[in-house]
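Enquirer: First, the structure itself, so that you have it in front of you.
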Amino acid sequence: MSISKRSCLFGLVFLILAVSGPASADVGPTYAIKNAKIVPVTGPAIDKGVLIIRNGLIEAIGPVDKVTIPEDAEVIEAEGLIAYPGLISAHTNLLLEAPRAETSQGSPEFIAPAAAPQDRPSETPELCAFKLLKPTKAAIDSFLKIGVTTVLVAPNRGIIQGQSVLLNLNGEKAEPMVLKNPVALHINFTSARGTYPSSLMGTIAFLRQSFLDADYYAACQAQYQKVLKGMKRPEYDPFLEALVPYVKEKKPVIFQCNNLEDIKRALKIIDEFKLNALISHANEAWRDAAVLKKTPIPLLVTLDFRPPNSSRYVNQGEDLRKKAEAEIYPANAANLAKEGIKFALTTFGLNDGAAVLKNIQAAIKAGLSKEEALKALTIQPAQYLGLVQQLGSLEPGKIANVILTKGELFDEKTRVDKVFVDGVLWKF
């Protein structure tokens, strides 16, 4: 082929690309879900409705006789199905590569002296859960099959565990799943073996000193930036640098509270340092309901009903432990709801979808209404995580995370028929 012919061919290809534009992985099919009962969560149900999905977003929603179905839409006949927003788990260890470390517990009594950097435990507040992700189809399918489309994944080792990432479960590659990164700093009331802090007394001391040091470190850095000339440069400390946004800029901190005493510890630290905090795990929150009613701190309540090792239900025989796991701890959410305390439910401690669904049903049997359970897995976590403009309900403009069920969600005989994540129909 001559140079002139090749040039003409190249020009033609270039012209075609310029007119048609590049292909975009973000642009999915257009769907029209027709004749479904639609449960928006933030508004009344639509008995016979249409929901339009375009480019990964909800384009329109309404009664079947008031929404025009676009000509380019693939119509999904959903007579007999119910449409809900995708469920959100606001705290998980799902898709992480590393196993969970063993922990021990004690009681805090005093504040230890400040620890020099070389004396600190090997904590990694700068660690991002995103770097630990190892998505697998089996793990993702397990959650999608029960309608969970969005998860907050947090590191799970140490005291200051690191920073979480928020994911839409739309595939097996980590990058396209990310909704927000990082989301929050995660802290666990645990202790180390054979090194500082070897007890919860030391853990409390370490946490308090770390926040104090971060505040002082930030002040020194700010003063240096004002002066520059004539002032010795403060030494860079990556540990404190990672803490500064949470102490000074009030980015979210999530405290993992494994028992009643942990909740009390967290509330004291949150108040002392005026942190923008959430309390997670909280499977003994009902025991401190009177205090929690007076605080605006969001609660992320786990669906893992195993009593903590410190519980009297564990230490007084296997029969009592089984009774607690089957009856007492499943009633945690219902007891909070009766007290008027808002919360989000999480799958923390449970990485199997079938077990999650079983425990949701157990919480409902223990007195939690289906309506409260739905809100606690949709709009409530969306509000707590700053996602209310994107997720948590079925509304135009929001991300098209939609589940279609045969039967009412959470009923024992109900199954998820179809799942859309980011507007793409997911096939199991």
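Order determines the names: the first chain of the structure tokens is A, the second B, and so forth; residues in each chain are numbered 1 upward, and ligands are numbered 1 upward as they are shown.
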Near stretch 295-299 of chain A, counting only C-alpha atoms, which residues have an atom at most 12 Å away, once you skip same-chain residues fewer than 5 positions from it, shown as a VMD selection string?

Expert: chain A and resid 90 to 91 252 to 257 263 266 to 268 270 to 271 274 to 286 288 to 290 332 to 333 336 to 337 341 to 346 376 380 to 386

Enquirer: Restricting it to C-alpha atoms, dump the selection as an mmCIF file, in the first residue's frame.

Expert:
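Everything below was put into out_35.cif:
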data_model
loop_
_atom_site.group_PDB
_atom_site.id
_atom_site.type_symbol
_atom_site.label_atom_id
_atom_site.label_comp_id
_atom_site.auth_asym_id
_atom_site.auth_seq_id
_atom_site.Cartn_x
_atom_site.Cartn_y
_atom_site.Cartn_z
ATOM 1 C CA ALA A 90 -21.317 -0.256 56.545
ATOM 2 C CA HIS A 91 -18.532 -2.410 58.050
ATOM 3 C CA PRO A 252 -14.498 9.947 60.323
ATOM 4 C CA VAL A 253 -13.090 7.558 62.934
ATOM 5 C CA ILE A 254 -14.826 4.211 63.465
ATOM 6 C CA PHE A 255 -14.341 2.513 66.827
ATOM 7 C CA GLN A 256 -14.809 -1.253 66.896
ATOM 8 C CA CYS A 257 -16.536 -1.891 70.208
ATOM 9 C CA ILE A 263 -18.546 1.409 74.037
ATOM 10 C CA ALA A 266 -14.970 4.893 72.913
ATOM 11 C CA LEU A 267 -17.459 7.478 74.161
ATOM 12 C CA LYS A 268 -14.847 8.899 76.551
ATOM 13 C CA ILE A 270 -14.607 10.635 71.325
ATOM 14 C CA ASP A 271 -15.686 13.289 73.816
ATOM 15 C CA LYS A 274 -14.030 15.857 69.851
ATOM 16 C CA LEU A 275 -13.713 13.235 67.124
ATOM 17 C CA ASN A 276 -16.105 12.767 64.233
ATOM 18 C CA ALA A 277 -16.762 9.175 65.190
ATOM 19 C CA LEU A 278 -18.982 6.172 64.655
ATOM 20 C CA ILE A 279 -19.312 3.128 66.896
ATOM 21 C CA SER A 280 -19.237 -0.243 65.167
ATOM 22 C CA HIS A 281 -19.777 -3.888 66.115
ATOM 23 C CA ALA A 282 -21.831 -2.776 69.141
ATOM 24 C CA ASN A 283 -23.545 -6.119 69.731
ATOM 25 C CA GLU A 284 -23.991 -5.117 73.387
ATOM 26 C CA ALA A 285 -25.332 -1.645 72.596
ATOM 27 C CA TRP A 286 -28.711 -2.452 74.179
ATOM 28 C CA ASP A 288 -26.006 1.025 77.288
ATOM 29 C CA ALA A 289 -29.176 2.282 75.570
ATOM 30 C CA ALA A 290 -29.826 5.002 78.159
ATOM 31 C CA ASN A 332 -30.013 -6.145 70.232
ATOM 32 C CA ALA A 333 -31.332 -4.239 67.180
ATOM 33 C CA LEU A 336 -32.398 -0.266 70.259
ATOM 34 C CA ALA A 337 -35.311 0.446 67.915
ATOM 35 C CA ILE A 341 -32.093 4.790 68.749
ATOM 36 C CA LYS A 342 -31.200 4.857 65.059
ATOM 37 C CA PHE A 343 -28.574 2.480 63.701
ATOM 38 C CA ALA A 344 -27.256 0.771 60.605
ATOM 39 C CA LEU A 345 -26.902 -2.995 60.454
ATOM 40 C CA THR A 346 -23.587 -4.426 59.261
ATOM 41 C CA ALA A 376 -30.888 -0.048 58.616
ATOM 42 C CA GLN A 380 -29.366 4.720 57.325
ATOM 43 C CA PRO A 381 -25.866 3.505 56.343
ATOM 44 C CA ALA A 382 -26.005 5.803 53.301
ATOM 45 C CA GLN A 383 -26.522 8.772 55.621
ATOM 46 C CA TYR A 384 -23.816 7.695 58.050
ATOM 47 C CA LEU A 385 -21.273 7.201 55.256
ATOM 48 C CA GLY A 386 -22.084 10.442 53.449
#

Enquirer: Extract the full set of strand (DSSP E or B) residues from stretch 248-308 of chain A according to DSSP on the backbone, and format it as JSON, numbers by chain.

Expert: {"A": [253, 254, 255, 256, 257, 277, 278, 279, 280, 281, 299, 300, 301, 302]}

Enquirer: Pull N, CA and C atoms from the residues just selected and write them as a tab-separated table (two decimals), in the first residue's frame.

Expert:
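So the final result, stored in result.tsv, reads:
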chain	number	residue	atom	x	y	z
A	253	VAL	N	-13.80	8.61	62.21
A	253	VAL	CA	-13.09	7.56	62.93
A	253	VAL	C	-14.13	6.54	63.37
A	254	ILE	N	-13.90	5.27	63.08
A	254	ILE	CA	-14.83	4.21	63.47
A	254	ILE	C	-14.18	3.35	64.55
A	255	PHE	N	-14.83	3.31	65.71
A	255	PHE	CA	-14.34	2.51	66.83
A	255	PHE	C	-15.05	1.16	66.83
A	256	GLN	N	-14.27	0.10	66.79
A	256	GLN	CA	-14.81	-1.25	66.90
A	256	GLN	C	-14.99	-1.58	68.37
A	257	CYS	N	-16.23	-1.66	68.80
A	257	CYS	CA	-16.54	-1.89	70.21
A	257	CYS	C	-17.06	-3.31	70.39
A	277	ALA	N	-16.91	10.62	65.01
A	277	ALA	CA	-16.76	9.17	65.19
A	277	ALA	C	-18.06	8.42	64.99
A	278	LEU	N	-17.89	7.14	64.70
A	278	LEU	CA	-18.98	6.17	64.66
A	278	LEU	C	-18.58	5.00	65.53
A	279	ILE	N	-19.57	4.32	66.09
A	279	ILE	CA	-19.31	3.13	66.90
A	279	ILE	C	-19.80	1.91	66.12
A	280	SER	N	-18.91	0.95	65.94
A	280	SER	CA	-19.24	-0.24	65.17
A	280	SER	C	-19.16	-1.50	66.04
A	281	HIS	N	-19.59	-2.59	65.45
A	281	HIS	CA	-19.78	-3.89	66.12
A	281	HIS	C	-20.96	-3.76	67.08
A	299	LEU	N	-24.46	4.55	65.16
A	299	LEU	CA	-24.19	3.17	65.56
A	299	LEU	C	-24.22	2.26	64.33
A	300	LEU	N	-23.19	1.44	64.19
A	300	LEU	CA	-23.13	0.41	63.17
A	300	LEU	C	-23.20	-0.93	63.89
A	301	VAL	N	-24.35	-1.56	63.85
A	301	VAL	CA	-24.63	-2.73	64.69
A	301	VAL	C	-24.44	-4.01	63.88
A	302	THR	N	-23.58	-4.89	64.37
A	302	THR	CA	-23.28	-6.12	63.65
A	302	THR	C	-24.42	-7.14	63.71

Enquirer: From stretch 73-287 of chain A, collect each residue whose DSSP state is helix (DSSP H, G or I) and return the set as a PyMOL selection string.

Expert: chain A and resi 117-119+129-132+137-144+174-177+200-227+238-247+260-273+285-287

Enquirer: Rank A:Val291, A:Leu303, A:Ala184, A:Ala242 by their smallest atom-to-atom distance to A:Asn359, using only C-alpha atoms, and report the top residue only.

Expert: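 Once distances to A:Asn359 are computed over only C-alpha atoms, the minimum belongs to A:Leu303.
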
Enquirer: Which of these, A:Met201, A:Val424, A:Ala400, A:Ala32, has the shortest distance to A:Leu87 once you count only C-alpha atoms?

Expert: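 Comparing A:Met201, A:Val424, A:Ala400, A:Ala32 against A:Leu87, the winner is A:Ala400.
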
Enquirer: Mind checking which residues fall within 8 Å of A:Val41, counting only C-alpha atoms, ignoring those fewer than 3 positions away in the same chain, and posting them as an mmCIF file with C-alpha atoms, in the first residue's frame?

Expert:
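Below you can see part_2.cif, which holds the result:
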data_model
loop_
_atom_site.group_PDB
_atom_site.id
_atom_site.type_symbol
_atom_site.label_atom_id
_atom_site.label_comp_id
_atom_site.auth_asym_id
_atom_site.auth_seq_id
_atom_site.Cartn_x
_atom_site.Cartn_y
_atom_site.Cartn_z
ATOM 1 C CA PRO A 44 -44.410 5.274 49.456
ATOM 2 C CA ALA A 45 -44.299 2.029 47.521
ATOM 3 C CA TYR A 84 -35.597 -2.514 46.384
ATOM 4 C CA PRO A 85 -32.430 -0.427 46.609
ATOM 5 C CA LEU A 374 -34.638 -2.351 55.488
ATOM 6 C CA LYS A 375 -33.816 1.217 56.536
ATOM 7 C CA THR A 378 -30.155 1.118 53.016
ATOM 8 C CA ILE A 379 -30.830 4.766 53.799
ATOM 9 C CA GLY A 392 -29.724 4.113 49.955
ATOM 10 C CA SER A 393 -33.004 4.638 48.105
ATOM 11 C CA LEU A 394 -34.539 4.397 44.639
#

Enquirer: Name the residues in contact with A:Ala331 at a cut-off of 9 Å, using only C-alpha atoms, excluding same-chain residues fewer than 4 positions from it; report them as a PyMOL selection string.

Expert: chain A and resi 286+327+335-336+362-368

Enquirer: Quick one: residues within 7 Å of A:Phe305, only C-alpha atoms, excluding same-chain residues fewer than 6 positions away - as a count of residues only?

Expert: 3

Enquirer: For stretch 94-98 of chain A, work out the shell of residues within 7 Å, counting only C-alpha atoms and skipping chain neighbours fewer than 6 positions away, then give it as a ChimeraX atom specification.

Expert: /A:132-135,153,351

Enquirer: Kindly save the residues from that selection, with N, CA and C atoms included, as a tab-separated table (two decimals), in the first residue's frame.

Expert:
chain	number	residue	atom	x	y	z
A	132	LEU	N	-5.22	-4.16	50.30
A	132	LEU	CA	-5.31	-5.55	50.77
A	132	LEU	C	-6.39	-6.35	50.03
A	133	LEU	N	-7.11	-5.69	49.13
A	133	LEU	CA	-8.24	-6.36	48.49
A	133	LEU	C	-7.81	-7.49	47.57
A	134	LYS	N	-8.51	-8.60	47.70
A	134	LYS	CA	-8.33	-9.75	46.81
A	134	LYS	C	-9.73	-10.25	46.43
A	135	PRO	N	-10.41	-9.52	45.54
A	135	PRO	CA	-11.79	-9.90	45.20
A	135	PRO	C	-11.87	-11.28	44.57
A	153	VAL	N	-15.15	-1.86	53.48
A	153	VAL	CA	-14.16	-2.86	53.85
A	153	VAL	C	-13.05	-2.18	54.65
A	351	ASN	N	-18.76	-13.33	56.68
A	351	ASN	CA	-18.36	-13.20	55.28
A	351	ASN	C	-19.11	-14.17	54.36

Enquirer: Please, what distance in Å, to one decimal, runs between atom CA of A:Ile53 and atom CA of A:Ala354?

Expert: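 Distance reported for this atom pair: 28.2 Å.
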
Enquirer: Write out as a tab-separated table a residue-level contact list of stretch 260-307 of chain A versus stretch 208-230 of chain A with cut-off 10 Å: for each qualifying residue the closest pair of atoms and the distance in Å to one decimal, counting only C-alpha atoms, rows sorted by chain and residue number upward.

Expert:
residue	atom	partner	partner_atom	distance
A:Ile269	CA	A:Arg208	CA	7.3
A:Glu272	CA	A:Arg208	CA	9.0
A:Phe273	CA	A:Phe211	CA	7.6
A:Leu275	CA	A:Phe211	CA	10.0

Enquirer: Kindly export the residues of the current selection with N, CA and C atoms, as a PDB file, in the first residue's frame.

Expert:
ATOM      1  N   ILE A 269     -13.211   8.687  74.784  1.00  0.00           N
ATOM      2  CA  ILE A 269     -12.165   9.182  73.875  1.00  0.00           C
ATOM      3  C   ILE A 269     -12.767  10.133  72.845  1.00  0.00           C
ATOM      4  N   GLU A 272     -13.383  13.414  74.596  1.00  0.00           N
ATOM      5  CA  GLU A 272     -12.152  14.109  74.971  1.00  0.00           C
ATOM      6  C   GLU A 272     -11.498  14.810  73.785  1.00  0.00           C
ATOM      7  N   PHE A 273     -11.477  14.138  72.627  1.00  0.00           N
ATOM      8  CA  PHE A 273     -10.779  14.694  71.467  1.00  0.00           C
ATOM      9  C   PHE A 273     -11.736  15.252  70.411  1.00  0.00           C
ATOM     10  N   LEU A 275     -13.874  13.944  68.392  1.00  0.00           N
ATOM     11  CA  LEU A 275     -13.713  13.235  67.124  1.00  0.00           C
ATOM     12  C   LEU A 275     -15.043  13.116  66.390  1.00  0.00           C
TER      13      LEU A 275
END

Enquirer: Restricting the calculation to only C-alpha atoms, which member of A:Leu425, A:Leu409, A:Leu320, A:Ala205 is positioned closest to A:Leu81?

Expert: A:Leu409
